[in-house]
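Undergrad: Got a structure for you, coords_37.tsv, holding TSV, C-alpha atoms.
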```tsv
chain	number	residue	atom	x	y	z
A	584	MET	CA	136.13	93.41	73.83
A	585	ALA	CA	135.03	94.41	77.31
A	586	THR	CA	133.19	91.80	79.34
A	587	LYS	CA	129.54	92.61	79.84
A	588	GLN	CA	128.40	93.21	83.39
A	589	LYS	CA	125.99	90.51	84.54
A	590	ILE	CA	122.61	91.17	86.16
A	591	LEU	CA	120.65	88.44	87.92
A	592	ILE	CA	116.91	89.18	87.75
A	593	VAL	CA	114.84	87.41	90.40
A	594	ASP	CA	111.11	87.89	89.86
A	595	ASP	CA	108.24	85.40	89.75
A	596	ASP	CA	106.35	87.51	87.21
A	597	GLU	CA	107.72	86.24	83.90
A	598	ASN	CA	106.47	89.23	81.91
A	599	ILE	CA	108.08	91.78	84.22
A	600	ALA	CA	111.32	89.79	84.37
A	601	GLU	CA	111.51	89.58	80.58
A	602	LEU	CA	110.76	93.30	80.27
A	603	ILE	CA	113.53	94.18	82.73
A	604	SER	CA	115.91	91.91	80.85
A	605	LEU	CA	115.02	93.57	77.55
A	606	TYR	CA	115.79	97.04	78.92
A	607	LEU	CA	119.12	95.91	80.38
A	608	VAL	CA	120.21	93.94	77.31
A	609	LYS	CA	119.63	97.09	75.23
A	610	GLU	CA	122.13	98.79	77.56
A	611	CYS	CA	124.67	96.02	76.85
A	612	PHE	CA	124.24	94.06	80.08
A	613	ASP	CA	124.19	90.29	80.25
A	614	THR	CA	121.12	89.02	82.10
A	615	ASN	CA	119.90	85.83	83.71
A	616	ILE	CA	116.34	85.32	84.96
A	617	VAL	CA	115.12	83.08	87.76
A	618	HIS	CA	111.65	83.03	89.29
A	619	ASP	CA	112.15	81.92	92.89
A	620	GLY	CA	114.48	82.58	95.79
A	621	SER	CA	115.90	79.07	96.17
A	622	THR	CA	117.01	78.98	92.54
A	623	ALA	CA	118.53	82.44	92.91
A	624	LEU	CA	120.71	81.27	95.79
A	625	GLU	CA	121.74	78.16	93.86
A	626	ILE	CA	122.72	80.03	90.70
A	627	LEU	CA	124.65	82.84	92.40
A	628	PRO	CA	128.02	81.03	92.69
A	629	VAL	CA	127.65	79.72	89.14
A	630	TYR	CA	126.52	82.87	87.33
A	631	GLN	CA	128.50	85.27	89.57
A	632	PRO	CA	126.48	88.39	88.75
A	633	ASP	CA	127.69	91.95	89.22
A	634	LEU	CA	124.30	92.99	90.59
A	635	MET	CA	120.99	91.40	91.56
A	636	LEU	CA	117.52	92.83	90.97
A	637	LEU	CA	115.49	91.07	93.64
A	638	ASP	CA	111.72	90.98	94.00
A	639	ILE	CA	110.35	90.68	97.53
A	640	MET	CA	107.24	88.57	96.91
A	641	LEU	CA	108.70	85.28	95.70
A	642	PRO	CA	107.35	81.74	96.07
A	643	GLY	CA	109.04	79.71	98.80
A	644	THR	CA	112.09	81.67	99.88
A	645	ASP	CA	111.08	85.34	99.67
A	646	GLY	CA	113.28	88.27	98.71
A	647	TYR	CA	114.04	89.28	102.28
A	648	GLU	CA	115.36	85.81	103.08
A	649	VAL	CA	117.43	85.75	99.88
A	650	LEU	CA	118.90	89.11	100.90
A	651	ARG	CA	119.74	87.81	104.37
A	652	GLU	CA	121.48	84.74	102.95
A	653	VAL	CA	123.49	86.72	100.40
A	654	ARG	CA	124.63	89.25	102.99
A	655	LYS	CA	126.06	86.46	105.15
A	656	LYS	CA	128.68	85.82	102.47
A	657	SER	CA	128.80	88.68	99.98
A	658	ASN	CA	128.57	92.42	99.35
A	659	LEU	CA	126.96	91.81	95.96
A	660	PRO	CA	125.01	94.97	95.02
A	661	ILE	CA	121.30	94.28	95.41
A	662	ILE	CA	118.37	96.43	94.31
A	663	MET	CA	115.00	95.39	95.72
A	664	LEU	CA	112.05	95.35	93.34
A	665	SER	CA	108.55	95.33	94.78
A	666	ALA	CA	105.02	96.57	94.42
A	667	LYS	CA	105.14	97.25	98.13
A	668	GLY	CA	105.54	100.96	98.72
A	669	GLU	CA	105.14	101.29	102.46
A	670	VAL	CA	107.98	102.91	104.42
A	671	PHE	CA	108.28	99.77	106.58
A	672	ASP	CA	109.07	97.60	103.55
A	673	LYS	CA	111.68	100.02	102.25
A	674	VAL	CA	113.33	100.35	105.64
A	675	LEU	CA	113.38	96.60	106.21
A	676	GLY	CA	115.07	96.03	102.86
A	677	LEU	CA	117.68	98.67	103.62
A	678	GLU	CA	118.26	97.36	107.12
A	679	LEU	CA	118.91	93.88	105.73
A	680	GLY	CA	121.56	95.28	103.39
A	681	ALA	CA	119.87	96.28	100.13
A	682	ASP	CA	121.65	99.00	98.15
A	683	ASP	CA	118.51	100.51	96.65
A	684	TYR	CA	114.75	99.98	96.40
A	685	ILE	CA	112.54	100.43	93.32
A	686	ILE	CA	108.76	100.33	93.49
A	687	LYS	CA	106.70	98.76	90.70
A	688	PRO	CA	105.51	99.98	88.32
A	689	PHE	CA	108.75	101.77	87.50
A	690	ASP	CA	110.08	103.86	84.66
A	691	SER	CA	112.53	101.88	82.53
A	692	LYS	CA	115.01	104.75	82.30
A	693	GLU	CA	114.99	105.21	86.06
A	694	MET	CA	115.56	101.50	86.62
A	695	VAL	CA	118.52	101.41	84.24
A	696	ALA	CA	119.94	104.61	85.79
A	697	ARG	CA	119.78	103.11	89.28
A	698	VAL	CA	121.44	99.90	88.13
A	699	LYS	CA	124.27	101.87	86.51
A	700	ALA	CA	124.67	104.13	89.54
A	701	VAL	CA	124.97	101.23	91.99
A	702	LEU	CA	127.38	99.38	89.72
A	703	ARG	CA	129.46	102.53	89.22
A	704	ARG	CA	129.87	103.03	92.95
A	705	PHE	CA	130.68	99.39	93.56
A	706	HIS	CA	132.93	98.50	90.65
A	707	ASP	CA	134.59	101.65	89.38
A	708	ALA	CA	137.12	102.28	92.17
A	709	PRO	CA	140.40	103.15	90.41
A	710	ALA	CA	143.09	100.48	90.39
A	711	VAL	CA	146.09	102.27	91.86
A	712	ASP	CA	149.02	101.50	94.08
A	713	PRO	CA	147.78	101.74	97.68
A	714	ASP	CA	150.93	103.64	98.66
A	715	THR	CA	150.61	106.39	96.06
A	716	GLU	CA	149.83	109.94	97.12
A	717	ASP	CA	146.49	109.97	95.27
A	718	ASN	CA	145.34	106.86	97.04
A	719	GLN	CA	146.32	108.25	100.42
A	720	LYS	CA	143.99	111.18	99.73
A	721	GLU	CA	141.14	108.69	99.46
A	722	LYS	CA	141.91	107.07	102.80
A	723	VAL	CA	140.91	108.07	106.32
A	724	THR	CA	143.07	106.67	109.11
A	725	LEU	CA	141.86	106.84	112.70
A	726	PRO	CA	142.59	104.85	115.85
A	727	ASP	CA	141.47	101.25	115.10
A	728	LEU	CA	139.78	102.35	111.86
A	729	ILE	CA	141.02	102.68	108.26
A	730	ILE	CA	138.56	103.57	105.49
A	731	ASN	CA	139.95	103.34	101.95
A	732	LEU	CA	137.69	104.61	99.19
A	733	THR	CA	139.98	103.59	96.33
A	734	ASP	CA	139.57	99.86	96.94
A	735	TYR	CA	136.38	100.11	99.01
A	736	SER	CA	137.89	98.49	102.07
A	737	VAL	CA	137.42	99.11	105.78
A	738	HIS	CA	139.71	97.78	108.51
A	739	TYR	CA	138.43	97.93	112.08
A	740	GLN	CA	140.70	96.81	114.92
A	741	GLY	CA	142.93	95.04	112.41
A	742	LYS	CA	140.15	93.10	110.69
A	743	ILE	CA	138.44	93.66	107.35
A	744	VAL	CA	134.78	94.68	107.67
A	745	GLU	CA	132.54	93.70	104.77
A	746	MET	CA	130.19	96.54	103.90
A	747	PRO	CA	127.76	97.48	101.13
A	748	PRO	CA	129.10	100.39	99.06
A	749	LYS	CA	126.64	103.00	100.31
A	750	GLU	CA	127.44	102.24	103.93
A	751	LEU	CA	131.14	102.57	103.20
A	752	GLU	CA	130.70	105.82	101.29
A	753	LEU	CA	128.60	107.30	104.08
A	754	LEU	CA	131.16	106.30	106.71
A	755	TYR	CA	134.01	107.67	104.59
A	756	PHE	CA	132.22	110.96	103.97
A	757	LEU	CA	131.44	111.52	107.63
A	758	ALA	CA	134.89	110.45	108.84
A	759	SER	CA	136.62	112.66	106.27
A	760	HIS	CA	134.75	115.66	107.71
A	761	PRO	CA	135.29	115.17	111.45
A	762	ASN	CA	133.07	117.13	113.84
A	763	GLN	CA	131.13	118.69	110.97
A	764	VAL	CA	127.34	118.45	111.17
A	765	PHE	CA	125.37	117.33	108.10
A	766	THR	CA	121.62	117.27	107.65
A	767	ARG	CA	119.98	114.15	106.29
A	768	GLU	CA	119.24	116.00	103.05
A	769	GLN	CA	122.92	116.94	102.65
A	770	LEU	CA	124.00	113.34	103.20
A	771	LEU	CA	121.48	112.08	100.67
A	772	ASP	CA	122.79	114.60	98.17
A	773	HIS	CA	126.43	113.59	98.72
A	774	ILE	CA	126.03	109.81	98.83
A	775	TRP	CA	123.07	109.27	96.52
A	776	SER	CA	124.37	111.50	93.76
A	777	TYR	CA	121.75	110.60	91.16
A	778	ASP	CA	118.07	111.62	91.41
A	779	TYR	CA	117.17	109.58	94.47
A	780	LEU	CA	113.44	109.26	95.01
A	781	GLY	CA	113.58	107.93	98.54
A	782	ASP	CA	113.22	109.81	101.81
A	783	THR	CA	115.58	110.88	104.57
A	784	ARG	CA	114.72	107.76	106.61
A	785	THR	CA	117.27	106.05	104.35
A	786	ILE	CA	120.05	107.92	106.17
A	787	ASP	CA	118.73	106.84	109.57
A	788	VAL	CA	118.75	103.20	108.47
A	789	HIS	CA	122.34	103.38	107.21
A	790	ILE	CA	123.53	105.17	110.36
A	791	LYS	CA	121.92	102.45	112.45
A	792	ARG	CA	123.77	99.77	110.49
A	793	LEU	CA	127.07	101.64	110.82
A	794	ARG	CA	126.64	101.92	114.59
A	795	GLU	CA	126.00	98.19	114.79
A	796	LYS	CA	129.31	97.54	113.04
A	797	PHE	CA	131.28	100.28	114.82
A	798	PRO	CA	130.28	100.86	118.44
A	799	PRO	CA	131.46	104.05	120.17
A	800	HIS	CA	135.27	104.25	120.33
A	801	GLU	CA	137.21	106.26	122.90
A	802	ALA	CA	138.56	108.44	120.08
A	803	TRP	CA	135.62	108.63	117.70
A	804	ASN	CA	131.91	108.06	117.36
A	805	ILE	CA	129.00	108.67	114.99
A	806	GLY	CA	126.98	111.27	116.81
A	807	THR	CA	123.40	112.47	116.44
A	808	VAL	CA	122.68	116.19	116.43
A	809	TRP	CA	119.05	116.24	117.43
A	810	GLY	CA	116.77	118.11	115.07
A	811	ILE	CA	119.55	118.52	112.49
A	812	GLY	CA	121.38	115.35	111.44
A	813	TYR	CA	124.64	113.54	112.15
A	814	LYS	CA	128.35	114.12	112.60
A	815	PHE	CA	131.49	112.03	113.01
A	816	GLU	CA	132.87	113.01	116.40
A	817	TYR	CA	136.65	112.74	116.57
A	818	HIS	CA	138.42	113.42	119.86
A	819	ARG	CA	141.92	114.22	118.67
A	820	GLU	CA	143.33	114.83	122.11
A	821	ARG	CA	142.63	111.29	123.32
```
Could I get this structure in the form of structure tokens?
TA:
Amino acid sequence: MATKQKILIVDDDENIAELISLYLVKECFDTNIVHDGSTALEILPVYQPDLMLLDIMLPGTDGYEVLREVRKKSNLPIIMLSAKGEVFDKVLGLELGADDYIIKPFDSKEMVARVKAVLRRFHDAPAVDPDTEDNQKEKVTLPDLIINLTDYSVHYQGKIVEMPPKELELLYFLASHPNQVFTREQLLDHIWSYDYLGDTRTIDVHIKRLREKFPPHEAWNIGTVWGIGYKFEYHRER
């Protein structure tokens, strides 16, 4: 029997937390509910969830602080849950490393679909020999940079860089299409393959985070094409 994927639900509203759990249990997930940020951080190494649904407005340690602490140690997929719908709140969550953002009240089917989509991207990389031909097709090798989509790993200047899955997929997509310009809408369509309800600012946030991790290199750079979008500039002659 396959092991159920585990979802940690962090929400101080007991009714909402129980409702979320009910929806996910019906989809054969294992769930655990906590109602504050401090407890969430304590239970993480014990429960070892596959994904966290994290409310922002929590007593004591709020959701943003929980997100910051988790990202110091882990790439655990995290979907923010909040009644806050302002662009600033969405952008802040994404900048801190959230993988998605759902505004309350939400449709149960949409919530489950987003959970499955994030888990699919994070956990379903095929287990293959890294030296096989198929795996090589899923790898981009550049000076000081190796992006491998099969095991979701990135090596920069000989060191492993921990990255959330969407960041990695965006970097891989751009790097695998060197010097090709993509609009924000095109990037959303390629990376967020399900019916994403966010806006194109999401791309700007992820590009900003990528640039923080990978400053301009003499051979390559993530460039902005003003008024259009972005491209991965690769200077082959250098």
Undergrad: With distances taken over only C-alpha atoms, which residue among A:Phe705, A:Phe797, A:Phe689, A:Tyr817 lies nearest Pro748 (chain A)?
TA: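 Closest candidate: A:Phe705.
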Undergrad: Pick the closest to Ile805 (chain A) from A:Gln763, A:His773, A:Gly676, A:Leu624: which is it, counting all atoms listed in the file?
TA: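 When distances to Ile805 (chain A) are compared using all atoms listed in the file, the smallest one comes from A:Gln763.
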Undergrad: Smallest atom-to-atom distance to Tyr647 (chain A): which of A:Leu664, A:Ile599, A:Val764, A:Leu679, using all atoms listed in the file?
TA: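 Going through A:Leu664, A:Ile599, A:Val764, A:Leu679 one by one, the smallest distance to Tyr647 (chain A) is for A:Leu679.
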Undergrad: Could you check how far CA of Phe765 (chain A) sits from CA of Asp682 (chain A), in Å to one decimal?
TA: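 Atom-to-atom, CA of Phe765 (chain A) to CA of Asp682 (chain A), that is 21.2 Å.
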Undergrad: Taking into account only C-alpha atoms, which residue in the set A:Glu625, A:Glu648, A:Glu721, A:Asp727 is nearest to Gly741 (chain A)?
TA: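 When distances to Gly741 (chain A) are compared using only C-alpha atoms, the smallest one comes from A:Asp727.
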Undergrad: Looking at only C-alpha atoms, which of A:Leu757, A:Thr785, A:Pro642, A:Lys791 is the one that sits closest to Asp672 (chain A)?
TA: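 Of the candidates, the smallest distance to Asp672 (chain A) is held by A:Thr785.
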